[in-house]
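As provided, upload14.txt (compact mmCIF, C-alpha atoms) reads as follows.
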# COMPACT_ATOMS: atom_id res chain seq x y z
CA MET A 235 28.17 49.83 77.29
CA LYS A 236 24.99 51.32 76.00
CA ARG A 237 23.68 47.90 75.06
CA TYR A 238 22.77 47.60 78.75
CA ILE A 239 19.02 48.14 79.11
CA LEU A 240 17.55 49.99 82.04
CA ALA A 241 15.04 48.35 84.33
CA ALA A 242 13.90 49.10 87.86
CA VAL A 243 13.91 46.72 90.75
CA LEU A 244 11.15 48.27 92.78
CA THR A 245 12.43 47.07 96.13
CA ALA A 246 15.80 48.71 95.61
CA SER A 247 16.74 51.02 92.77
CA LEU A 248 17.37 51.08 89.03
CA ILE A 249 19.60 48.40 87.55
CA SER A 250 20.80 47.53 84.04
CA CYS A 251 20.28 44.27 82.21
CA ASP A 252 20.51 42.94 78.66
CA LYS A 253 17.20 42.71 76.85
CA TYR A 254 17.13 39.78 74.46
CA LEU A 255 13.44 38.85 74.73
CA ASP A 256 10.21 40.82 74.45
CA GLU A 257 8.85 39.38 77.69
CA THR A 258 8.95 41.58 80.76
CA PRO A 259 11.19 39.98 83.42
CA ASN A 260 9.31 38.67 86.45
CA ASN A 261 11.44 40.66 88.88
CA ALA A 262 11.65 43.98 87.00
CA LEU A 263 9.60 46.57 85.16
CA PRO A 264 10.54 49.04 82.41
CA ALA A 265 11.73 52.37 83.79
CA ALA A 266 8.74 54.23 82.29
CA THR A 267 6.49 52.07 84.44
CA ALA A 268 8.78 51.87 87.44
CA ILE A 269 9.34 55.61 87.94
CA ARG A 270 5.73 56.45 88.59
CA ASP A 271 5.38 58.04 92.05
CA ALA A 272 7.26 59.71 94.88
CA GLY A 273 8.70 56.48 96.26
CA THR A 274 10.03 55.16 92.98
CA ALA A 275 11.42 58.57 91.99
CA ARG A 276 13.36 58.72 95.26
CA ALA A 277 14.58 55.15 94.78
CA ALA A 278 15.72 56.03 91.27
CA ILE A 279 17.88 59.00 92.30
CA ASN A 280 19.37 56.95 95.14
CA GLY A 281 20.19 54.30 92.57
CA ALA A 282 21.89 56.94 90.42
CA TYR A 283 24.16 57.96 93.31
CA SER A 284 24.97 54.30 93.81
CA ARG A 285 26.05 54.15 90.18
CA VAL A 286 28.43 57.07 90.71
CA GLN A 287 29.80 55.36 93.81
CA SER A 288 30.55 52.27 91.74
CA TYR A 289 33.13 54.06 89.59
CA TYR A 290 34.46 56.56 92.12
CA ALA A 291 35.04 53.99 94.87
CA SER A 292 38.15 52.65 93.18
CA GLY A 293 38.40 52.66 89.39
CA TYR A 294 38.31 56.35 88.55
CA PRO A 295 40.73 57.46 91.30
CA THR A 296 43.08 54.72 90.12
CA LEU A 297 43.00 56.07 86.55
CA GLY A 298 44.02 59.49 87.87
CA THR A 299 46.87 58.31 90.09
CA ILE A 300 48.76 55.18 89.03
CA THR A 301 49.17 56.66 85.54
CA THR A 302 51.39 59.42 86.95
CA ASP A 303 54.58 60.00 88.89
CA ASN A 304 52.83 59.90 92.29
CA VAL A 305 51.85 56.24 92.47
CA ILE A 306 53.59 53.08 91.31
CA PHE A 307 52.41 49.54 90.66
CA ASN A 308 53.25 47.17 93.48
CA GLY A 309 51.08 44.16 92.77
CA THR A 310 50.54 41.26 90.39
CA LEU A 311 47.50 42.12 88.24
CA SER A 312 48.31 43.16 84.68
CA GLN A 313 45.52 45.73 84.40
CA TYR A 314 47.26 47.88 87.02
CA LEU A 315 50.67 47.33 85.42
CA GLN A 316 49.32 48.58 82.07
CA LEU A 317 48.07 51.78 83.69
CA ASP A 318 51.35 52.26 85.54
CA GLN A 319 53.31 51.90 82.30
CA ASN A 320 50.83 54.01 80.27
CA ALA A 321 50.45 51.04 77.93
CA VAL A 322 46.73 50.37 78.28
CA THR A 323 45.05 47.87 75.97
CA PRO A 324 41.37 48.00 74.92
CA ASP A 325 40.63 44.93 77.04
CA ASN A 326 41.94 46.48 80.28
CA ALA A 327 39.54 45.44 83.03
CA ILE A 328 39.75 48.73 84.97
CA THR A 329 39.03 51.05 82.06
CA LEU A 330 36.26 48.69 80.92
CA ASP A 331 34.58 48.76 84.33
CA VAL A 332 34.86 52.54 84.71
CA TYR A 333 33.58 53.27 81.20
CA GLN A 334 30.59 50.98 81.50
CA SER A 335 29.81 52.09 85.06
CA ILE A 336 29.68 55.74 84.01
CA TYR A 337 27.24 54.95 81.22
CA ARG A 338 25.11 52.96 83.65
CA ALA A 339 24.90 56.05 85.85
CA ILE A 340 24.03 58.20 82.83
CA ASN A 341 21.33 55.80 81.67
CA THR A 342 19.79 55.79 85.14
CA VAL A 343 19.50 59.58 85.26
CA ASN A 344 18.31 59.71 81.65
CA SER A 345 15.26 57.74 82.83
CA ILE A 346 14.77 60.12 85.75
CA ILE A 347 14.95 63.14 83.46
CA ALA A 348 12.51 61.51 81.03
CA TYR A 349 9.88 60.22 83.45
CA VAL A 350 9.91 62.24 86.68
CA PRO A 351 8.36 65.41 85.14
CA ALA A 352 5.20 63.46 84.29
CA ILE A 353 4.67 62.06 87.79
CA ASN A 354 1.42 63.21 89.34
CA ASP A 355 1.68 62.31 93.02
CA PRO A 356 0.63 64.61 95.87
CA ASN A 357 3.56 63.21 97.88
CA LEU A 358 6.01 64.54 95.31
CA GLY A 359 5.75 68.32 95.41
CA SER A 360 7.30 70.60 92.84
CA THR A 361 10.25 71.48 95.09
CA GLU A 362 11.24 67.86 95.64
CA LYS A 363 10.62 67.03 91.99
CA ASN A 364 12.95 69.86 90.95
CA THR A 365 15.57 68.65 93.42
CA ILE A 366 15.48 65.11 92.04
CA LEU A 367 15.75 66.43 88.49
CA GLY A 368 18.56 68.82 89.44
CA LYS A 369 20.52 65.97 90.97
CA ALA A 370 19.95 63.90 87.84
CA TYR A 371 21.26 66.67 85.58
CA PHE A 372 24.30 67.08 87.85
CA ILE A 373 25.09 63.36 87.78
CA ARG A 374 24.79 63.29 83.99
CA ALA A 375 27.11 66.31 83.76
CA LEU A 376 29.65 64.66 86.04
CA GLY A 377 29.45 61.43 84.07
CA TYR A 378 30.04 63.05 80.70
CA PHE A 379 32.78 65.26 82.10
CA ASP A 380 34.57 62.22 83.53
CA LEU A 381 34.14 60.36 80.24
CA GLY A 382 35.37 63.33 78.22
CA ARG A 383 38.55 63.99 80.16
CA ALA A 384 39.43 60.29 80.16
CA TRP A 385 38.40 59.18 76.65
CA GLY A 386 37.99 62.41 74.67
CA GLY A 387 34.75 63.08 72.79
CA VAL A 388 32.19 60.36 73.48
CA GLN A 389 28.76 59.23 72.37
CA LEU A 390 26.13 61.48 73.93
CA GLN A 391 23.24 59.34 75.03
CA LEU A 392 20.55 61.72 76.34
CA THR A 393 17.47 59.51 76.40
CA PRO A 394 16.82 56.25 78.23
CA THR A 395 17.95 53.08 76.51
CA THR A 396 14.84 50.93 76.37
CA THR A 397 15.36 48.96 73.16
CA LEU A 398 18.36 47.78 71.20
CA ASP A 399 17.27 49.95 68.26
CA GLY A 400 17.62 52.99 70.49
CA LEU A 401 21.38 52.49 70.50
CA LYS A 402 21.87 52.73 66.77
CA GLY A 403 23.29 55.75 65.00
CA ILE A 404 24.94 57.53 67.94
CA LYS A 405 28.25 58.78 66.62
CA ARG A 406 31.03 60.12 68.82
CA SER A 407 30.81 63.81 69.60
CA THR A 408 33.91 65.99 69.74
CA LEU A 409 35.38 66.84 73.11
CA LYS A 410 34.04 70.38 72.73
CA GLN A 411 30.55 69.06 72.06
CA THR A 412 30.84 66.72 75.04
CA TYR A 413 31.81 69.60 77.34
CA ASP A 414 29.04 71.74 75.80
CA GLN A 415 26.56 69.11 76.97
CA VAL A 416 28.17 69.06 80.42
CA LEU A 417 27.73 72.83 80.74
CA ALA A 418 24.13 72.64 79.52
CA ASP A 419 23.35 70.03 82.17
CA LEU A 420 25.12 72.03 84.88
CA THR A 421 23.15 75.14 83.95
CA LYS A 422 19.93 73.16 84.32
CA ALA A 423 21.13 71.59 87.58
CA GLU A 424 21.99 74.98 89.06
CA GLU A 425 18.51 76.28 88.18
CA LEU A 426 16.73 73.35 89.81
CA LEU A 427 18.85 72.68 92.89
CA ALA A 428 18.63 74.41 96.23
CA GLU A 429 21.30 74.92 98.90
CA ASP A 430 21.38 74.12 102.58
CA ALA A 431 24.00 74.60 105.28
CA THR A 432 24.97 70.99 105.85
CA THR A 433 24.58 68.66 102.84
CA ARG A 434 27.89 67.61 101.27
CA ASN A 435 27.18 64.15 99.83
CA ARG A 436 24.36 65.12 97.49
CA ALA A 437 24.32 67.66 94.68
CA GLN A 438 23.48 71.23 95.65
CA LYS A 439 23.50 74.51 93.77
CA SER A 440 27.10 75.15 94.86
CA THR A 441 28.11 71.64 93.77
CA ALA A 442 26.98 72.42 90.24
CA ARG A 443 28.89 75.70 90.34
CA ALA A 444 32.04 73.96 91.57
CA LEU A 445 31.99 71.41 88.75
CA ARG A 446 31.28 74.22 86.32
CA ALA A 447 34.41 76.04 87.51
CA ARG A 448 36.42 72.90 86.82
CA VAL A 449 34.90 72.44 83.35
CA HIS A 450 35.65 76.05 82.40
CA LEU A 451 39.24 75.53 83.55
CA TYR A 452 39.55 72.50 81.28
CA ARG A 453 38.16 74.58 78.40
CA LYS A 454 40.61 77.40 79.16
CA GLU A 455 37.74 79.79 79.80
CA TRP A 456 39.61 81.61 82.51
CA ALA A 457 37.14 84.38 83.40
CA GLU A 458 34.27 81.91 83.77
CA ALA A 459 36.41 79.54 85.85
CA GLU A 460 37.31 82.40 88.16
CA THR A 461 33.71 83.54 88.48
CA TYR A 462 32.28 80.14 89.42
CA ALA A 463 35.16 79.27 91.74
CA SER A 464 34.60 82.58 93.53
CA GLN A 465 30.93 81.81 94.02
CA VAL A 466 31.78 78.56 95.80
CA ILE A 467 34.65 80.03 97.82
CA GLY A 468 32.33 82.83 98.94
CA ASN A 469 29.86 80.32 100.38
CA THR A 470 30.48 80.19 104.14
CA LYS A 471 29.41 76.56 104.13
CA TYR A 472 32.91 75.66 102.92
CA ALA A 473 36.33 76.21 104.48
CA LEU A 474 39.81 74.72 104.45
CA VAL A 475 40.10 72.61 107.58
CA LYS A 476 43.08 72.19 109.91
CA PRO A 477 44.92 70.03 110.47
CA TYR A 478 45.02 68.77 106.90
CA LYS A 479 44.09 65.20 107.84
CA THR A 480 40.75 66.36 109.25
CA PHE A 481 38.92 65.96 105.95
CA PHE A 482 39.91 62.30 105.57
CA THR A 483 39.33 61.38 109.21
CA SER A 484 36.05 59.85 110.38
CA PRO A 485 33.25 61.03 110.64
CA PHE A 486 34.11 62.78 107.32
CA LEU A 487 31.81 65.33 105.61
CA SER A 488 33.94 68.20 106.91
CA GLN A 489 33.65 71.80 105.75
CA GLU A 490 36.36 70.92 103.22
CA SER A 491 34.00 68.82 101.12
CA VAL A 492 31.99 70.40 98.35
CA PHE A 493 30.97 66.95 97.14
CA GLU A 494 31.97 63.58 98.53
CA LEU A 495 30.30 60.20 98.20
CA SER A 496 29.48 58.56 101.52
CA PHE A 497 29.75 54.87 102.30
CA SER A 498 28.68 52.82 105.33
CA THR A 499 29.20 49.41 106.88
CA ASN A 500 26.24 48.23 104.79
CA ASN A 501 27.63 49.87 101.64
CA ARG A 502 31.37 49.52 101.87
CA ASN A 503 34.27 51.20 100.13
CA SER A 504 37.27 48.90 100.31
CA TYR A 505 39.68 51.08 98.33
CA TRP A 506 42.03 51.18 101.34
CA ASN A 507 42.80 47.54 100.54
CA LEU A 508 44.78 48.51 97.43
CA TRP A 509 46.93 50.95 99.45
CA TYR A 510 47.67 49.04 102.66
CA PRO A 511 50.48 46.47 102.99
CA SER A 512 49.70 42.79 103.49
CA SER A 513 50.75 43.00 107.13
CA LEU A 514 47.72 45.23 107.66
CA GLY A 515 45.35 43.18 105.54
CA GLY A 516 45.82 44.98 102.24
CA GLN A 517 47.05 44.09 98.77
CA TYR A 518 49.50 47.02 98.50
CA THR A 519 48.86 47.29 94.75
CA LEU A 520 49.07 51.09 94.75
CA LYS A 521 52.21 52.46 96.37
CA PRO A 522 53.36 56.07 96.80
CA SER A 523 56.36 56.75 94.59
CA ALA A 524 59.69 57.72 96.11
CA THR A 525 59.26 61.16 94.51
CA ILE A 526 55.93 61.95 96.16
CA VAL A 527 57.10 60.50 99.47
CA GLU A 528 60.05 62.88 99.43
CA LYS A 529 57.83 65.85 98.59
CA LEU A 530 55.18 65.08 101.19
CA ASN A 531 57.82 64.59 103.90
CA ASN A 532 59.54 67.87 102.98
CA PRO A 533 58.23 70.58 105.37
CA ALA A 534 58.74 73.21 102.67
CA ILE A 535 56.56 71.33 100.16
CA GLY A 536 54.27 68.87 101.89
CA GLY A 537 53.96 70.43 105.31
CA SER A 538 51.10 68.81 107.22
CA ARG A 539 50.20 66.80 104.12
CA LYS A 540 52.77 64.25 105.26
CA ALA A 541 49.73 62.85 107.10
CA LEU A 542 48.86 61.15 103.80
CA LEU A 543 51.70 58.70 104.48
CA ALA A 544 52.39 55.97 106.99
CA GLY A 545 55.08 53.32 107.35
CA THR A 546 58.82 53.62 107.01
CA GLY A 547 61.62 52.82 104.58
CA ASN A 548 60.50 50.74 101.64
CA ASN A 549 57.14 50.07 103.28
CA VAL A 550 55.61 53.55 103.09
CA TYR A 551 51.95 53.46 102.14
CA GLY A 552 49.14 55.92 101.55
CA VAL A 553 46.44 56.48 104.16
CA LEU A 554 44.01 58.83 102.44
CA TYR A 555 41.69 55.82 102.49
CA ASN A 556 42.16 54.41 105.95
CA THR A 557 39.05 52.85 107.51
CA SER A 558 40.35 49.31 107.20
CA ALA A 559 38.12 48.09 110.05
CA THR A 560 34.86 49.42 108.62
CA SER A 561 35.57 50.28 104.94
CA THR A 562 33.60 53.53 105.14
CA ASP A 563 36.00 55.97 103.45
CA PRO A 564 34.26 58.49 101.22
CA SER A 565 35.16 59.12 97.61
CA TYR A 566 36.44 62.70 97.41
CA VAL A 567 35.03 64.27 94.24
CA ILE A 568 35.38 68.04 94.88
CA ARG A 569 37.12 69.79 97.78
CA ILE A 570 37.22 73.51 98.48
CA ALA A 571 41.03 73.43 98.13
CA GLU A 572 40.53 72.67 94.46
CA LEU A 573 38.37 75.77 94.00
CA TYR A 574 41.15 77.96 95.40
CA LEU A 575 43.65 76.40 92.99
CA ILE A 576 41.22 76.63 90.07
CA ARG A 577 40.82 80.32 90.79
CA ALA A 578 44.56 80.75 91.25
CA GLU A 579 45.27 79.20 87.84
CA ALA A 580 42.46 81.12 86.12
CA ARG A 581 43.69 84.39 87.61
CA ALA A 582 47.30 83.68 86.68
CA GLN A 583 46.25 83.00 83.09
CA GLN A 584 44.57 86.42 83.10
CA ASN A 585 47.76 88.03 84.50
CA LYS A 586 46.11 88.73 87.85
CA LEU A 587 49.30 87.56 89.51
CA THR A 588 48.83 89.13 92.93
CA GLU A 589 45.36 87.64 93.36
CA ALA A 590 46.51 84.27 92.00
CA LEU A 591 49.42 84.15 94.42
CA ALA A 592 47.07 84.93 97.31
CA ASP A 593 44.85 81.95 96.42
CA LEU A 594 47.86 79.67 96.10
CA ASN A 595 49.19 80.75 99.46
CA THR A 596 45.83 80.22 101.12
CA VAL A 597 46.16 76.52 100.30
CA ARG A 598 49.82 76.43 101.33
CA SER A 599 49.06 78.14 104.62
CA ARG A 600 46.50 75.53 105.54
CA ALA A 601 49.18 72.90 104.97
CA ASP A 602 51.66 74.84 107.16
CA VAL A 603 53.90 75.56 104.18
CA ALA A 604 55.64 78.91 103.75
CA ALA A 605 54.17 81.34 101.24
CA ALA A 606 55.25 81.04 97.61
CA THR A 607 56.99 84.03 96.06
CA ALA A 608 56.64 83.34 92.31
CA SER A 609 56.72 86.69 90.52
CA THR A 610 56.14 85.75 86.87
CA LYS A 611 53.19 84.12 85.18
CA ASP A 612 55.12 81.03 84.12
CA ALA A 613 56.68 80.53 87.55
CA LEU A 614 53.32 80.96 89.22
CA LEU A 615 51.61 78.45 86.93
CA LEU A 616 54.32 75.88 87.71
CA ALA A 617 53.90 76.56 91.44
CA ILE A 618 50.13 76.00 91.12
CA GLU A 619 50.74 72.78 89.22
CA GLU A 620 53.05 71.53 91.96
CA GLU A 621 50.58 72.55 94.65
CA ASN A 622 47.85 70.53 92.93
CA ASN A 623 50.29 67.64 92.82
CA VAL A 624 50.90 67.45 96.56
CA GLU A 625 47.46 68.66 97.70
CA PHE A 626 45.67 65.91 95.74
CA ALA A 627 48.48 63.36 95.69
CA PHE A 628 46.20 60.30 95.85
CA GLU A 629 43.01 61.74 94.36
CA ALA A 630 41.90 61.70 90.71
CA HIS A 631 43.69 64.91 89.66
CA ARG A 632 47.33 64.51 88.62
CA TRP A 633 46.88 62.60 85.35
CA PHE A 634 44.04 64.78 84.11
CA ASP A 635 45.84 68.00 85.10
CA LEU A 636 48.94 67.03 83.15
CA VAL A 637 46.90 66.05 80.09
CA ARG A 638 44.79 69.21 80.03
CA THR A 639 47.87 71.44 80.33
CA GLY A 640 49.93 69.46 77.84
CA ARG A 641 52.56 68.74 80.49
CA THR A 642 52.59 64.96 80.11
CA VAL A 643 55.70 65.19 77.94
CA ALA A 644 57.73 67.37 80.31
CA VAL A 645 56.68 65.55 83.48
CA LEU A 646 56.04 61.96 82.41
CA GLY A 647 57.92 61.76 79.11
CA LEU A 648 54.82 60.60 77.20
CA THR A 649 55.54 62.08 73.80
CA ASN A 650 52.76 60.31 71.87
CA SER A 651 49.61 62.36 72.47
CA GLN A 652 47.46 59.47 71.19
CA TYR A 653 47.97 57.80 74.56
CA TRP A 654 46.83 60.80 76.56
CA VAL A 655 43.33 59.33 76.38
CA PHE A 656 42.28 55.80 77.26
CA PRO A 657 41.10 53.22 74.71
CA PHE A 658 37.42 52.46 74.40
CA PRO A 659 36.71 48.92 75.60
CA TYR A 660 37.24 46.36 72.88
CA GLN A 661 33.90 44.67 73.42
CA ASP A 662 32.01 47.97 73.08
CA VAL A 663 33.82 48.89 69.87
CA LEU A 664 33.20 45.40 68.50
CA SER A 665 29.48 45.48 69.29
CA ASP A 666 28.81 49.08 68.22
CA PRO A 667 29.84 50.11 64.69
CA ASP A 668 29.15 53.75 65.58
CA LEU A 669 31.83 53.78 68.30
CA GLU A 670 35.12 54.77 66.69
CA GLN A 671 38.20 53.71 68.62
CA ASN A 672 40.72 56.32 69.74
CA PRO A 673 43.74 56.47 67.38
CA GLY A 674 46.67 54.25 68.25
CA TYR A 675 44.61 51.50 69.85
Here is a file; write its structure as structure tokens.
Amino acid sequence: MKRYILAAVLTASLISCDKYLDETPNNALPAATAIRDAGTARAAINGAYSRVQSYYASGYPTLGTITTDNVIFNGTLSQYLQLDQNAVTPDNAITLDVYQSIYRAINTVNSIIAYVPAINDPNLGSTEKNTILGKAYFIRALGYFDLGRAWGGVQLQLTPTTTLDGLKGIKRSTLKQTYDQVLADLTKAEELLAEDATTRNRAQKSTARALRARVHLYRKEWAEAETYASQVIGNTKYALVKPYKTFFTSPFLSQESVFELSFSTNNRNSYWNLWYPSSLGGQYTLKPSATIVEKLNNPAIGGSRKALLAGTGNNVYGVLYNTSATSTDPSYVIRIAELYLIRAEARAQQNKLTEALADLNTVRSRADVAAATASTKDALLLAIEEENNVEFAFEAHRWFDLVRTGRTVAVLGLTNSQYWVFPFPYQDVLSDPDLEQNPGY
């Protein structure tokens, strides 16, 4: 998508547009000119969060759910059917939108990183400037992490796209190189960001640490994953909330959330529409599978997490996203429950079985499920995998967890590892000779 050129609409925030002429559009200015003072810097970072919202509101959670055994296709649109059958084509509308939306977010923050340091405005003090830059580095880290785990190694675009020539010659990096860049950005974000006692929908120092714990887990760097997860768990700002449904009940932003994206009646998230049946005004495209329904309704497995379900018989539906009247559900990016399970897995991999079991049972206890008793490393790792499955049943976890652990064959029967990553959009491959398609597509 990197042919999209960044511009700034000064009355709102940064947007992308194609640049075919040398003339400056009447309603926009180049980012170097637009990000020039405190007001435009603030507008730019708000625009970057809006970009993240655009792919987390629906597309990215769908990639992580309908591709697995938790959610089945129940609609008519072929792009969802392809994901459900793990037979995605390069022209799939959902993967196209997510891929291009992530790069839009990255290009927005690239402009912030490039131009905010040079701003000389008495209304933009060094503390606020650092905060804006820290948020930008975090958003870029999140974007490249989400690209990497979905598509593999990607093109690392680290400067603003201001001309078509600026897009040439960017080859794909390896997945390791992509994650190296993510960690570099998170290190910078952690240095620049502060921490307060209440903010949960904007990046903070602990938010960067939480994402870093996740990245280290994906890289199988167990000690580092444990260390960063412990730092977040040790922050009294966060806690597992009871009952379980508290975190996805209005007014949201509970102690459970390390990072969630907030919506409002003026900035709606209509993801509930894909989960609710037509009798309640929805499309019912995404439906809980019989397997996950059975698990969530089993007191020994789901416990209080049965609150994720509503309806009966063949009309059971998911209610994680449930504000059908107002469409103000957040997008849940990182919850404290994940940090406990990250630490549990990292500890188990280091043969710290007692400590790992304690973390696992902390999550189970919150869900009113009896303590697990796994006594071997392999049994404990399977128990942690299953806990992730039910804890984040309708969040963007299951697919990526199975891919990173190599369990897609055993659980989903997907023996061809070429299809464990998504295809790059056909139109991007066609327009960019430096973008090499993933094998098999």
Practice problem: For atom CA of Leu427 of chain A and atom CA of Pro564 of chain A, quote the distance in Å rounded to one decimal. | Solution: 22.5 Å
Find the nearest atom pair between each residue of segment 509-564 of chain A and segment 282-304 of chain A for residues within 12 Å, count only C-alpha atoms, give distances in Å to one decimal, sort rows by chain and ascending number, and present the table as a tab-separated table.
residue	atom	partner	partner_atom	distance
A:Trp509	CA	A:Thr296	CA	10.8
A:Thr519	CA	A:Ile300	CA	9.7
A:Leu520	CA	A:Ile300	CA	7.0
A:Lys521	CA	A:Asn304	CA	8.5
A:Pro522	CA	A:Asn304	CA	5.9
A:Ser523	CA	A:Asn304	CA	5.3
A:Ala524	CA	A:Asn304	CA	8.1
A:Thr525	CA	A:Asn304	CA	6.9
A:Ile526	CA	A:Asn304	CA	5.4
A:Val527	CA	A:Asn304	CA	8.4
A:Glu528	CA	A:Asn304	CA	10.6
A:Lys529	CA	A:Asn304	CA	10.0
A:Leu530	CA	A:Asn304	CA	10.6
A:Tyr551	CA	A:Asn304	CA	11.8
A:Gly552	CA	A:Asn304	CA	10.7
A:Leu554	CA	A:Pro295	CA	11.7
A:Tyr555	CA	A:Ala291	CA	10.3
A:Ser561	CA	A:Ala291	CA	10.7
A:Thr562	CA	A:Ala291	CA	10.4
A:Asp563	CA	A:Ala291	CA	8.9
A:Pro564	CA	A:Ala291	CA	7.8
Exercise. Write out as a VMD selection string the residues lying within 12 Å of Val416 of chain A, counting all atoms listed in the file and excluding same-chain residues fewer than 2 positions away.
Key: chain A and resid 340 371 to 383 387 to 388 390 392 409 to 414 418 to 423 442 to 443 445 to 450 452 to 453
Adding 6 Å on each side of the box along x, y and z that holds all listed atoms of segment 350-362 of chain A, could you give its centre and edge lengths in Å to one decimal, as lines of an AutoDock Vina configuration file?
center_x = 5.9
center_y = 66.8
center_z = 91.1
size_x = 22.6
size_y = 21.4
size_z = 25.6
Quiz item: At a cut-off of 9 Å from (39.5, 61.4, 103.9) in the coordinates of the file, what residues are picked up using all atoms listed in the file, written as a PyMOL selection string?
Solution: chain A and resi 479-484+486-487+553-556+563-566
Determine, counting only C-alpha atoms, which protein, DNA and RNA residues have an atom within 12 Å of an atom of Arg641 of chain A; residues of the same chain fewer than 6 positions away are not included. Present the result as an mmCIF file with C-alpha atoms, in the coordinates of the input.
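So result20.cif came out as:
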data_model
loop_
_atom_site.group_PDB
_atom_site.id
_atom_site.type_symbol
_atom_site.label_atom_id
_atom_site.label_comp_id
_atom_site.auth_asym_id
_atom_site.auth_seq_id
_atom_site.Cartn_x
_atom_site.Cartn_y
_atom_site.Cartn_z
ATOM 1 C CA THR A 302 51.390 59.420 86.950
ATOM 2 C CA LEU A 615 51.610 78.450 86.930
ATOM 3 C CA LEU A 616 54.320 75.880 87.710
ATOM 4 C CA GLU A 619 50.740 72.780 89.220
ATOM 5 C CA GLU A 620 53.050 71.530 91.960
ATOM 6 C CA ARG A 632 47.330 64.510 88.620
ATOM 7 C CA TRP A 633 46.880 62.600 85.350
ATOM 8 C CA PHE A 634 44.040 64.780 84.110
ATOM 9 C CA ASP A 635 45.840 68.000 85.100
ATOM 10 C CA GLY A 647 57.920 61.760 79.110
ATOM 11 C CA LEU A 648 54.820 60.600 77.200
ATOM 12 C CA THR A 649 55.540 62.080 73.800
ATOM 13 C CA SER A 651 49.610 62.360 72.470
ATOM 14 C CA TRP A 654 46.830 60.800 76.560
#
Self-check item: Distance in Å - atom CA of Asn650 of chain A versus atom CA of Ala617 of chain A
Solution: 25.5 Å
Exercise. May I ask for the distance between atom CA of Glu625 of chain A and atom CA of Asn326 of chain A, given in Å to one decimal place?
Key: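 Straight-line distance from atom CA of Glu625 of chain A to atom CA of Asn326 of chain A works out to 28.7 Å.
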Quiz item: Given the choices A:Val350, A:Phe493, A:Trp385, A:Thr395, which gets closest to Pro324 of chain A if the distance is worked out from all atoms listed in the file?
Solution: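 For Pro324 of chain A, the nearest of the candidates is A:Trp385.
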